[in-house]
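A.B. asks: This is the content of start38.cif (mmCIF, C-alpha atoms and all ligand atoms):
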data_target
loop_
_atom_site.label_atom_id
_atom_site.label_comp_id
_atom_site.auth_asym_id
_atom_site.auth_seq_id
_atom_site.Cartn_x
_atom_site.Cartn_y
_atom_site.Cartn_z
CA MET A 1 94.14 71.04 -6.61
CA PHE A 2 92.44 69.02 -9.35
CA ASN A 3 94.78 66.48 -10.92
CA LEU A 4 93.16 64.01 -13.28
CA GLN A 5 95.89 61.38 -13.21
CA SER A 6 95.81 61.20 -9.41
CA LEU A 7 92.07 60.39 -9.57
CA VAL A 8 92.16 57.69 -12.24
CA ARG A 9 92.82 54.05 -11.35
CA PRO A 10 96.41 53.32 -12.41
CA ASN A 11 95.40 50.32 -14.56
CA ILE A 12 92.98 52.55 -16.49
CA TRP A 13 95.46 55.39 -16.87
CA LYS A 14 97.93 53.08 -18.57
CA LEU A 15 95.30 50.98 -20.36
CA GLN A 16 95.94 50.33 -24.02
CA ALA A 17 92.45 50.55 -25.53
CA TYR A 18 91.21 47.82 -27.84
CA SER A 19 91.87 48.85 -31.40
CA SER A 20 88.95 47.76 -33.55
CA ALA A 21 89.17 47.20 -37.30
CA ARG A 22 86.87 50.18 -37.79
CA SER A 23 89.07 52.49 -35.73
CA GLU A 24 92.32 51.41 -37.44
CA PHE A 25 91.04 52.20 -40.93
CA LYS A 26 88.47 54.99 -41.23
CA GLY A 27 88.87 55.99 -44.88
CA VAL A 28 86.81 55.27 -47.95
CA ALA A 29 87.45 51.99 -49.78
CA ASP A 30 85.69 49.56 -52.11
CA ILE A 31 86.40 46.31 -50.39
CA PHE A 32 86.41 45.78 -46.64
CA LEU A 33 88.02 42.51 -45.64
CA ASP A 34 89.34 43.71 -42.29
CA ALA A 35 86.67 42.98 -39.68
CA ASN A 36 85.45 39.44 -40.33
CA GLU A 37 82.02 40.81 -41.10
CA SER A 38 79.65 39.13 -43.52
CA PRO A 39 80.05 40.57 -47.05
CA PHE A 40 76.32 40.13 -47.80
CA ASP A 41 74.33 43.33 -47.53
CA THR A 42 71.63 43.06 -44.85
CA GLY A 43 71.77 46.79 -44.20
CA TYR A 44 73.49 45.94 -40.94
CA ASN A 45 76.32 43.56 -41.85
CA ARG A 46 78.99 46.19 -41.03
CA TYR A 47 80.09 47.22 -37.55
CA PRO A 48 78.87 50.70 -36.58
CA ASP A 49 81.10 53.76 -36.17
CA PRO A 50 82.75 53.21 -32.76
CA LEU A 51 82.87 56.97 -32.08
CA GLN A 52 79.45 57.83 -33.61
CA LEU A 53 80.89 60.93 -35.32
CA LYS A 54 77.82 61.75 -37.43
CA VAL A 55 75.58 61.68 -34.38
CA LYS A 56 78.07 63.70 -32.35
CA ALA A 57 78.29 66.36 -35.08
CA LYS A 58 74.51 66.87 -34.80
CA ILE A 59 74.60 66.95 -31.01
CA ALA A 60 77.58 69.34 -31.05
CA ALA A 61 75.61 71.79 -33.18
CA LEU A 62 72.47 71.45 -31.07
CA LYS A 63 74.25 71.87 -27.73
CA GLN A 64 77.01 74.23 -28.87
CA VAL A 65 79.70 71.88 -27.57
CA ASP A 66 82.81 70.56 -29.38
CA THR A 67 82.46 67.04 -30.77
CA GLU A 68 85.54 66.01 -28.77
CA LYS A 69 83.78 66.96 -25.54
CA ILE A 70 80.93 64.49 -26.13
CA PHE A 71 80.75 60.83 -25.14
CA LEU A 72 77.82 58.64 -26.22
CA GLY A 73 76.81 55.56 -24.31
CA ASN A 74 74.28 52.74 -24.22
CA GLY A 75 72.03 54.95 -22.10
CA SER A 76 73.49 57.41 -19.59
CA ASP A 77 73.52 54.41 -17.26
CA GLU A 78 76.55 53.21 -19.23
CA ALA A 79 78.36 56.48 -18.54
CA ILE A 80 77.58 56.16 -14.81
CA ASP A 81 79.02 52.64 -14.77
CA LEU A 82 82.12 53.59 -16.78
CA LEU A 83 82.86 56.62 -14.58
CA ILE A 84 82.80 54.45 -11.48
CA ARG A 85 85.07 51.85 -13.07
CA ILE A 86 87.51 54.50 -14.37
CA PHE A 87 87.93 56.38 -11.10
CA CYS A 88 87.13 54.07 -8.20
CA GLU A 89 89.40 51.33 -6.93
CA PRO A 90 87.15 48.56 -5.52
CA ARG A 91 87.08 48.44 -1.68
CA ARG A 92 89.24 51.54 -1.46
CA ASP A 93 87.61 54.51 -3.17
CA GLU A 94 84.17 56.03 -2.68
CA ILE A 95 81.43 57.88 -4.49
CA LEU A 96 79.22 60.44 -2.77
CA ILE A 97 75.48 60.68 -3.46
CA CYS A 98 72.68 62.78 -2.00
CA PRO A 99 69.57 60.68 -1.29
CA PRO A 100 66.79 60.58 -2.16
CA THR A 101 68.14 60.29 -5.68
CA TYR A 102 68.45 58.08 -8.77
CA GLY A 103 69.06 54.44 -7.80
CA MET A 104 71.65 53.50 -10.42
CA TYR A 105 74.54 55.38 -8.75
CA GLN A 106 74.30 53.04 -5.75
CA VAL A 107 73.72 49.90 -7.85
CA SER A 108 76.65 50.59 -10.19
CA ALA A 109 78.88 51.26 -7.17
CA ASP A 110 77.69 48.07 -5.45
CA ILE A 111 78.48 46.03 -8.58
CA ALA A 112 81.96 47.56 -8.71
CA ASP A 113 82.41 46.96 -4.95
CA VAL A 114 82.84 50.68 -4.38
CA LYS A 115 81.74 52.33 -1.14
CA VAL A 116 78.90 54.87 -1.23
CA LEU A 117 78.95 57.92 1.05
CA LYS A 118 75.48 59.35 1.56
CA VAL A 119 74.64 62.90 2.56
CA ASN A 120 70.88 63.33 2.47
CA LEU A 121 69.30 66.31 0.78
CA THR A 122 67.72 68.86 3.12
CA THR A 123 63.97 68.65 3.78
CA GLN A 124 63.66 71.21 0.95
CA PHE A 125 65.39 68.62 -1.30
CA GLN A 126 68.43 70.87 -1.71
CA LEU A 127 72.12 70.10 -1.18
CA ASP A 128 73.39 70.17 2.39
CA VAL A 129 76.62 71.86 1.29
CA PRO A 130 78.45 72.00 4.65
CA SER A 131 77.74 68.32 5.38
CA ILE A 132 78.84 67.31 1.88
CA LEU A 133 82.12 69.20 2.20
CA GLN A 134 82.66 67.63 5.62
CA ALA A 135 81.95 64.09 4.36
CA ILE A 136 84.46 64.18 1.48
CA THR A 137 87.67 62.20 2.03
CA PRO A 138 90.79 61.79 -0.13
CA HIS A 139 89.14 58.60 -1.45
CA THR A 140 85.98 60.38 -2.65
CA LYS A 141 86.63 60.19 -6.36
CA LEU A 142 83.16 60.92 -7.71
CA MET A 143 80.14 62.89 -6.59
CA PHE A 144 76.76 62.53 -8.28
CA ILE A 145 74.32 65.44 -8.24
CA CYS A 146 71.03 64.89 -10.03
CA SER A 147 69.27 68.06 -11.25
CA PRO A 148 66.33 68.08 -11.73
CA ASN A 149 66.46 65.34 -9.12
CA ASN A 150 64.74 61.98 -9.42
CA PRO A 151 62.44 61.19 -7.53
CA THR A 152 61.86 64.62 -5.99
CA GLY A 153 61.48 66.52 -9.29
CA ASN A 154 63.08 69.81 -8.19
CA SER A 155 66.17 71.46 -9.64
CA ILE A 156 69.21 71.79 -7.42
CA ASN A 157 70.26 75.35 -6.61
CA LEU A 158 73.00 76.32 -9.10
CA ASN A 159 74.91 78.36 -6.51
CA HIS A 160 75.17 75.28 -4.31
CA ILE A 161 76.51 73.19 -7.20
CA GLN A 162 79.03 75.95 -7.96
CA LYS A 163 80.13 76.00 -4.34
CA ILE A 164 80.74 72.25 -4.39
CA ALA A 165 82.51 72.51 -7.76
CA GLN A 166 84.92 75.06 -6.30
CA LYS A 167 85.81 72.97 -3.25
CA PHE A 168 85.71 69.38 -4.51
CA TYR A 169 88.73 68.16 -6.46
CA GLY A 170 87.27 64.83 -7.48
CA ILE A 171 84.94 64.37 -10.47
CA LEU A 172 81.59 66.10 -10.09
CA VAL A 173 78.89 64.41 -12.17
CA ILE A 174 75.75 66.44 -12.81
CA ASP A 175 72.97 64.20 -14.06
CA GLU A 176 70.62 66.27 -16.19
CA ALA A 177 68.33 63.51 -17.47
CA TYR A 178 65.32 65.86 -17.04
CA ILE A 179 66.93 69.17 -18.01
CA ASP A 180 64.75 69.66 -21.11
CA PHE A 181 61.70 70.00 -18.83
CA ALA A 182 63.42 72.47 -16.48
CA GLN A 183 63.21 76.22 -16.06
CA GLN A 184 66.70 76.16 -14.64
CA VAL A 185 69.60 76.49 -17.09
CA SER A 186 71.76 73.50 -17.91
CA PHE A 187 75.21 73.21 -16.38
CA LEU A 188 76.44 72.70 -19.96
CA SER A 189 76.95 76.45 -20.28
CA LEU A 190 79.21 76.43 -17.22
CA PHE A 191 81.12 73.17 -17.53
CA HIS A 192 83.80 74.71 -19.78
CA GLN A 193 85.22 76.52 -16.75
CA HIS A 194 85.59 73.27 -14.83
CA PRO A 195 88.07 70.51 -15.74
CA ASN A 196 86.41 68.13 -13.26
CA ILE A 197 82.73 68.33 -14.25
CA VAL A 198 80.81 65.72 -16.24
CA VAL A 199 77.28 66.59 -17.36
CA LEU A 200 74.99 63.66 -18.22
CA GLN A 201 71.98 63.96 -20.49
CA THR A 202 69.86 61.35 -22.24
CA PHE A 203 67.55 60.67 -25.17
CA SER A 204 65.36 58.56 -22.88
CA LYS A 205 63.05 61.25 -21.49
CA ALA A 206 62.28 64.48 -23.40
CA TRP A 207 63.38 62.98 -26.73
CA GLY A 208 61.04 60.01 -26.33
CA LEU A 209 63.71 57.43 -27.21
CA ALA A 210 64.13 55.32 -24.07
CA GLY A 211 63.93 52.22 -26.28
CA ILE A 212 67.05 52.97 -28.33
CA ARG A 213 69.32 53.38 -25.26
CA LEU A 214 71.36 56.49 -25.93
CA GLY A 215 72.91 58.72 -23.30
CA MET A 216 75.34 61.64 -23.50
CA ALA A 217 78.22 62.72 -21.31
CA PHE A 218 79.82 66.15 -21.72
CA ALA A 219 83.23 66.91 -20.24
CA GLN A 220 86.69 68.23 -21.09
CA LYS A 221 88.67 66.13 -23.56
CA PRO A 222 90.87 64.20 -21.10
CA ILE A 223 87.80 62.73 -19.34
CA ILE A 224 86.08 61.96 -22.67
CA HIS A 225 89.27 60.21 -23.78
CA LEU A 226 89.13 57.96 -20.70
CA LEU A 227 85.47 57.10 -21.32
CA ASN A 228 86.24 56.20 -24.95
CA LYS A 229 89.16 54.04 -23.88
CA VAL A 230 87.12 51.97 -21.43
CA LYS A 231 83.81 51.62 -23.29
CA PRO A 232 83.05 48.49 -25.33
CA PRO A 233 84.25 49.28 -28.89
CA TYR A 234 80.79 49.28 -30.49
CA ASN A 235 78.71 50.39 -27.52
CA VAL A 236 76.13 52.33 -29.59
CA ASN A 237 74.61 50.13 -32.28
CA GLN A 238 73.81 51.04 -35.88
CA LEU A 239 70.01 51.08 -35.43
CA THR A 240 70.34 53.52 -32.55
CA GLN A 241 72.70 55.81 -34.47
CA GLU A 242 70.35 55.89 -37.47
CA LYS A 243 67.25 56.47 -35.39
CA VAL A 244 68.72 59.36 -33.42
CA LEU A 245 70.01 61.04 -36.60
CA LYS A 246 66.48 60.93 -37.97
CA THR A 247 65.01 62.28 -34.74
CA LEU A 248 67.54 65.11 -34.56
CA GLU A 249 66.45 66.25 -38.02
CA ASN A 250 63.09 67.12 -36.54
CA SER A 251 63.79 68.67 -33.17
CA GLU A 252 60.61 70.75 -33.51
CA GLU A 253 58.57 67.70 -32.56
CA GLN A 254 60.63 67.23 -29.40
CA LYS A 255 60.00 70.87 -28.46
CA ARG A 256 56.26 70.47 -29.03
CA ASN A 257 56.14 67.33 -26.92
CA VAL A 258 58.01 69.00 -24.07
CA GLU A 259 55.64 72.00 -24.22
CA ASN A 260 52.73 69.58 -24.06
CA ILE A 261 54.15 67.77 -21.01
CA LEU A 262 54.74 71.09 -19.23
CA LYS A 263 51.18 72.20 -19.94
CA GLU A 264 49.86 68.86 -18.67
CA ARG A 265 52.06 69.04 -15.59
CA LYS A 266 50.57 72.41 -14.71
CA ARG A 267 47.04 71.12 -15.28
CA LEU A 268 47.66 68.04 -13.13
CA VAL A 269 49.15 70.12 -10.29
CA ASN A 270 46.07 72.36 -10.29
CA HIS A 271 43.67 69.43 -10.13
CA LEU A 272 45.66 67.33 -7.65
CA GLN A 273 45.62 70.15 -5.12
CA LEU A 274 41.87 69.69 -4.75
CA PHE A 275 42.07 66.13 -3.37
CA THR A 276 42.04 65.99 0.41
CA PHE A 277 44.07 62.75 0.47
CA ILE A 278 46.91 64.48 -1.39
CA GLU A 279 48.81 66.42 1.26
CA LYS A 280 51.46 67.92 -0.97
CA THR A 281 52.41 68.13 -4.62
CA HIS A 282 56.13 68.83 -4.61
CA PRO A 283 57.24 71.50 -7.11
CA SER A 284 58.57 69.82 -10.25
CA ASP A 285 61.05 70.88 -12.91
CA ALA A 286 60.75 67.43 -14.57
CA ASN A 287 58.20 65.22 -16.36
CA PHE A 288 56.88 63.72 -13.15
CA LEU A 289 55.34 64.77 -9.85
CA LEU A 290 56.16 63.60 -6.36
CA LEU A 291 52.99 63.54 -4.29
CA LYS A 292 52.74 63.14 -0.54
CA VAL A 293 49.50 61.30 0.16
CA LYS A 294 47.65 60.03 3.23
CA LYS A 295 47.79 56.26 2.65
CA PRO A 296 50.37 55.73 -0.09
CA ILE A 297 50.18 51.92 -0.29
CA ALA A 298 46.37 51.91 -0.38
CA LEU A 299 46.31 54.52 -3.15
CA TYR A 300 49.05 52.72 -5.06
CA GLN A 301 47.09 49.45 -4.91
CA TYR A 302 43.86 51.19 -5.86
CA LEU A 303 45.48 52.63 -8.98
CA ILE A 304 46.94 49.24 -9.94
CA GLN A 305 43.46 47.81 -9.69
CA LYS A 306 42.40 50.58 -12.08
CA LYS A 307 45.26 49.49 -14.36
CA ILE A 308 47.27 52.67 -13.71
CA ILE A 309 50.83 52.09 -12.52
CA VAL A 310 52.68 54.79 -10.62
CA ARG A 311 55.91 54.49 -8.63
CA ASN A 312 55.71 53.88 -4.92
CA ARG A 313 58.50 55.91 -3.32
CA SER A 314 57.11 55.85 0.22
CA ASN A 315 59.98 53.69 1.53
CA VAL A 316 62.64 56.11 0.28
CA VAL A 317 64.38 58.52 2.71
CA LEU A 318 62.64 61.90 2.99
CA CYS A 319 59.83 60.55 0.78
CA ASP A 320 57.50 59.23 3.52
CA GLY A 321 54.02 58.80 2.06
CA CYS A 322 55.16 59.66 -1.46
CA LEU A 323 54.14 58.36 -4.87
CA ARG A 324 55.87 59.44 -8.07
CA ILE A 325 53.64 59.99 -11.07
CA THR A 326 54.95 60.44 -14.61
CA ILE A 327 53.10 62.99 -16.74
CA GLY A 328 51.26 61.09 -19.47
CA THR A 329 49.24 62.17 -22.47
CA SER A 330 46.30 64.46 -21.88
CA SER A 331 43.92 61.49 -22.09
CA GLU A 332 46.02 59.35 -19.73
CA ASN A 333 46.17 62.19 -17.21
CA GLN A 334 42.44 62.67 -17.55
CA GLN A 335 41.85 59.00 -16.74
CA LEU A 336 44.16 59.29 -13.74
CA LEU A 337 42.20 62.29 -12.44
CA HIS A 338 38.94 60.47 -13.06
CA CYS A 339 40.11 57.48 -11.00
CA LEU A 340 41.31 59.76 -8.20
CA GLN A 341 37.89 61.42 -8.11
CA GLN A 342 36.30 58.01 -7.49
CA TYR A 343 38.82 57.09 -4.80
CA LYS A 344 37.39 56.73 -1.29
CA ILE A 345 39.97 56.85 1.46
C1 LIG B 1 65.93 58.10 -16.46
C2 LIG B 1 67.21 58.58 -15.86
C3 LIG B 1 68.41 58.39 -16.51
C4 LIG B 1 68.37 57.80 -17.88
O1 LIG B 1 69.16 56.76 -18.07
P1 LIG B 1 69.29 56.16 -19.53
O2 LIG B 1 70.24 55.05 -19.25
O3 LIG B 1 69.89 57.24 -20.39
O4 LIG B 1 67.95 55.73 -19.99
C5 LIG B 1 69.57 58.89 -15.95
N1 LIG B 1 69.53 59.54 -14.78
C6 LIG B 1 68.39 59.77 -14.14
C7 LIG B 1 68.37 60.54 -12.90
C8 LIG B 1 67.19 59.26 -14.65
O5 LIG B 1 66.04 59.46 -13.98
#
Give the structure from the file, written as structure tokens.
C.D. replies:
Amino acid sequence: MFNLQSLVRPNIWKLQAYSSARSEFKGVADIFLDANESPFDTGYNRYPDPLQLKVKAKIAALKQVDTEKIFLGNGSDEAIDLLIRIFCEPRRDEILICPPTYGMYQVSADIADVKVLKVNLTTQFQLDVPSILQAITPHTKLMFICSPNNPTGNSINLNHIQKIAQKFYGILVIDEAYIDFAQQVSFLSLFHQHPNIVVLQTFSKAWGLAGIRLGMAFAQKPIIHLLNKVKPPYNVNQLTQEKVLKTLENSEEQKRNVENILKERKRLVNHLQLFTFIEKTHPSDANFLLLKVKKPIALYQYLIQKKIIVRNRSNVVLCDGCLRITIGTSSENQQLLHCLQQYKI
């Protein structure tokens, strides 16, 4: 059975979180002499809200999730790192990932000296459920499932995720960095039934705010409490909090931009199919396309020479011959297609 305390590192379970000046006194006052800040108004001389409550209230309304079930981090990469440090004892515990997938799970685990179990996706880029269930050990504290998956672009079958969720008593992290581009529904609507699921989303992709570094984690309160305890006290800075509040006021623009990317994705897929050196355009539920091409390195170099940078994924498992191309603006995509038309293999 799922038991949170048995999964958490004992030092973290009993950790007394740092109590910042701003968390000890939250009320209204005239004079703040409690945090050794500068008294001179620069607009930013005060520490930011450590729990980002204004931002969370907006996100709660948008996502129909309680404020207490939201964690905000310095990118979702921070949440990935914190989860590993909360649950995995170095050199003893493990995470499980399903390559080919996002590289940060492995890197964060390597930094924490935590072992990584790998169960490759199937050739259809779906979960190999029986092999995953077989690979799990009592030390498998975390499993990362990325949907839509990076770099393959496809969504992971919801039934397969549900099956894993029912049988895995560790923490199941579903990374939905690209969910706003997807046809498939978010796991957010289902996570309430599961005490052990963490859903990650980000402002870096569909919201166009990669530069401000803001990621979201959604989970039941006990897991959110652990994340808040372990995070640096002021992990989301004032500029970021202000910028995202402004952006959330106008979510219509985000919707328009996503629609535009989806339209462009469709257009690119249609055109790319006509090139003989492109063997396959993998179906995408994200803002990028994984292409299998005849001579990936040669094409990659050719595009660099044309000042167009794509991601070479041809050395990644199950991605032989593959390049990953982010959907750009209509004019950028047009230039890409133009260069591909001139390409002689
Ligand atoms: C881009 C991406 C992220 C985003 O990370 P941030 O730290 O929020 O910018 C997370 N997961 C996946 C799979 C990604 O591709």
A.B. asks: Find the spatial neighbours of A:Leu82, counting all atoms listed in the file, within a cut-off of 9 Å - ignore same-chain residues fewer than 3 positions away - and output them as a ChimeraX atom specification.
C.D. replies: /A:77-79,85-87,227,230-231
A.B. asks: Compile the contact shell of A:Leu303 as a PyMOL selection string: residues with an atom at most 10 Å away, counting all atoms listed in the file, same-chain residues fewer than 5 positions apart removed.
C.D. replies: chain A and resi 297-298+308-310+336+339-340+343
A.B. asks: Using all atoms listed in the file, which of A:Gln193, A:Asn287, A:Ser20, A:Ser131 sits nearest ligand LIG 1 (chain B)?
C.D. replies: A:Asn287
A.B. asks: Would you place a box with edges along x, y and z of the file around all atoms of stretch 64-80 of chain A listed there, add 8 Å to each of its six sides, and report the centre and edge lengths in Å to one decimal, as JSON?
C.D. replies:
{"center_x": 78.8, "center_y": 63.5, "center_z": -22.8, "size_x": 29.5, "size_y": 37.5, "size_z": 32.0}
A.B. asks: Quick one: of A:Arg324, A:Lys307, A:Arg265, A:Lys221, who's nearest to ligand LIG 1 (chain B), counting all atoms listed in the file?
C.D. replies: A:Arg324
A.B. asks: Show me which residues are within 7 Å of ligand LIG 1 (chain B) counting only C-alpha atoms and all ligand atoms, and format the list as a tab-separated table (two decimals) with C-alpha atoms, in the coordinates of the input.
C.D. replies:
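Full text of result08.tsv as output:
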chain	number	residue	atom	x	y	z
A	74	ASN	CA	74.28	52.74	-24.22
A	75	GLY	CA	72.03	54.95	-22.10
A	76	SER	CA	73.49	57.41	-19.59
A	77	ASP	CA	73.52	54.41	-17.26
A	78	GLU	CA	76.55	53.21	-19.23
A	102	TYR	CA	68.45	58.08	-8.77
A	146	CYS	CA	71.03	64.89	-10.03
A	149	ASN	CA	66.46	65.34	-9.12
A	150	ASN	CA	64.74	61.98	-9.42
A	175	ASP	CA	72.97	64.20	-14.06
A	176	GLU	CA	70.62	66.27	-16.19
A	177	ALA	CA	68.33	63.51	-17.47
A	202	THR	CA	69.86	61.35	-22.24
A	203	PHE	CA	67.55	60.67	-25.17
A	204	SER	CA	65.36	58.56	-22.88
A	205	LYS	CA	63.05	61.25	-21.49
A	210	ALA	CA	64.13	55.32	-24.07
A	213	ARG	CA	69.32	53.38	-25.26
A	214	LEU	CA	71.36	56.49	-25.93
A	215	GLY	CA	72.91	58.72	-23.30
A.B. asks: I need the residue nearest A:Gln183 from this list: A:Val119, A:Leu239, A:Leu262, A:Met1. Use only C-alpha atoms for the distance.
C.D. replies: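 Of the candidates, the smallest distance to A:Gln183 is held by A:Leu262.
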A.B. asks: Please produce, as JSON lines, a per-residue contact table for stretch 163-244 of chain A versus stretch 48-71 of chain A (criterion: any atom at most 8 Å away, only C-alpha atoms considered), showing the nearest atom pair and its distance in Å to one decimal, sorted by chain then residue number.
C.D. replies:
{"residue": "A:Met216", "atom": "CA", "partner": "A:Phe71", "partner_atom": "CA", "distance": 5.7}
{"residue": "A:Ala217", "atom": "CA", "partner": "A:Phe71", "partner_atom": "CA", "distance": 5.0}
{"residue": "A:Phe218", "atom": "CA", "partner": "A:Ile70", "partner_atom": "CA", "distance": 4.8}
{"residue": "A:Ala219", "atom": "CA", "partner": "A:Lys69", "partner_atom": "CA", "distance": 5.3}
{"residue": "A:Gln220", "atom": "CA", "partner": "A:Lys69", "partner_atom": "CA", "distance": 5.5}
{"residue": "A:Lys221", "atom": "CA", "partner": "A:Lys69", "partner_atom": "CA", "distance": 5.3}
{"residue": "A:Ile224", "atom": "CA", "partner": "A:Phe71", "partner_atom": "CA", "distance": 6.0}
{"residue": "A:Leu227", "atom": "CA", "partner": "A:Phe71", "partner_atom": "CA", "distance": 7.1}
{"residue": "A:Asn228", "atom": "CA", "partner": "A:Phe71", "partner_atom": "CA", "distance": 7.2}
{"residue": "A:Pro233", "atom": "CA", "partner": "A:Pro50", "partner_atom": "CA", "distance": 5.7}
{"residue": "A:Tyr234", "atom": "CA", "partner": "A:Pro50", "partner_atom": "CA", "distance": 4.9}
{"residue": "A:Asn235", "atom": "CA", "partner": "A:Pro50", "partner_atom": "CA", "distance": 7.2}
{"residue": "A:Val236", "atom": "CA", "partner": "A:Pro50", "partner_atom": "CA", "distance": 7.4}
{"residue": "A:Asn237", "atom": "CA", "partner": "A:Pro48", "partner_atom": "CA", "distance": 6.1}
{"residue": "A:Gln238", "atom": "CA", "partner": "A:Pro48", "partner_atom": "CA", "distance": 5.1}
{"residue": "A:Gln241", "atom": "CA", "partner": "A:Val55", "partner_atom": "CA", "distance": 6.5}
{"residue": "A:Val244", "atom": "CA", "partner": "A:Val55", "partner_atom": "CA", "distance": 7.3}
A.B. asks: Hey, can you check how far atom CA of A:Ala286 sits from atom CA of A:Ser155?
C.D. replies: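 Rounded to one decimal, the two atoms are 8.4 Å apart.
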A.B. asks: Please report the interatomic distance between atom CA of A:Leu226 and atom CA of A:Gln134 in Å with one decimal.
C.D. replies: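 Atom CA of A:Gln134 lies 28.8 Å from atom CA of A:Leu226.
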A.B. asks: Check the smallest atom-to-atom distance from each of A:Leu289, A:Glu249, A:Ile171, A:Phe32 to A:Asn45 using only C-alpha atoms, then report the winner.
C.D. replies: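 Nearest candidate to A:Asn45 out of A:Leu289, A:Glu249, A:Ile171, A:Phe32: A:Phe32.
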A.B. asks: Closest to A:Gln201 among A:Leu272, A:Ile223, A:Ile31, A:Leu188, using all atoms listed in the file?
C.D. replies: A:Leu188
A.B. asks: Give the answer as one residue: which of A:Leu7, A:Asn315, A:His160, A:Phe181 has the shortest atom-to-atom distance to A:Gln126, using all atoms listed in the file?
C.D. replies: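 For A:Gln126, the nearest of the candidates is A:His160.
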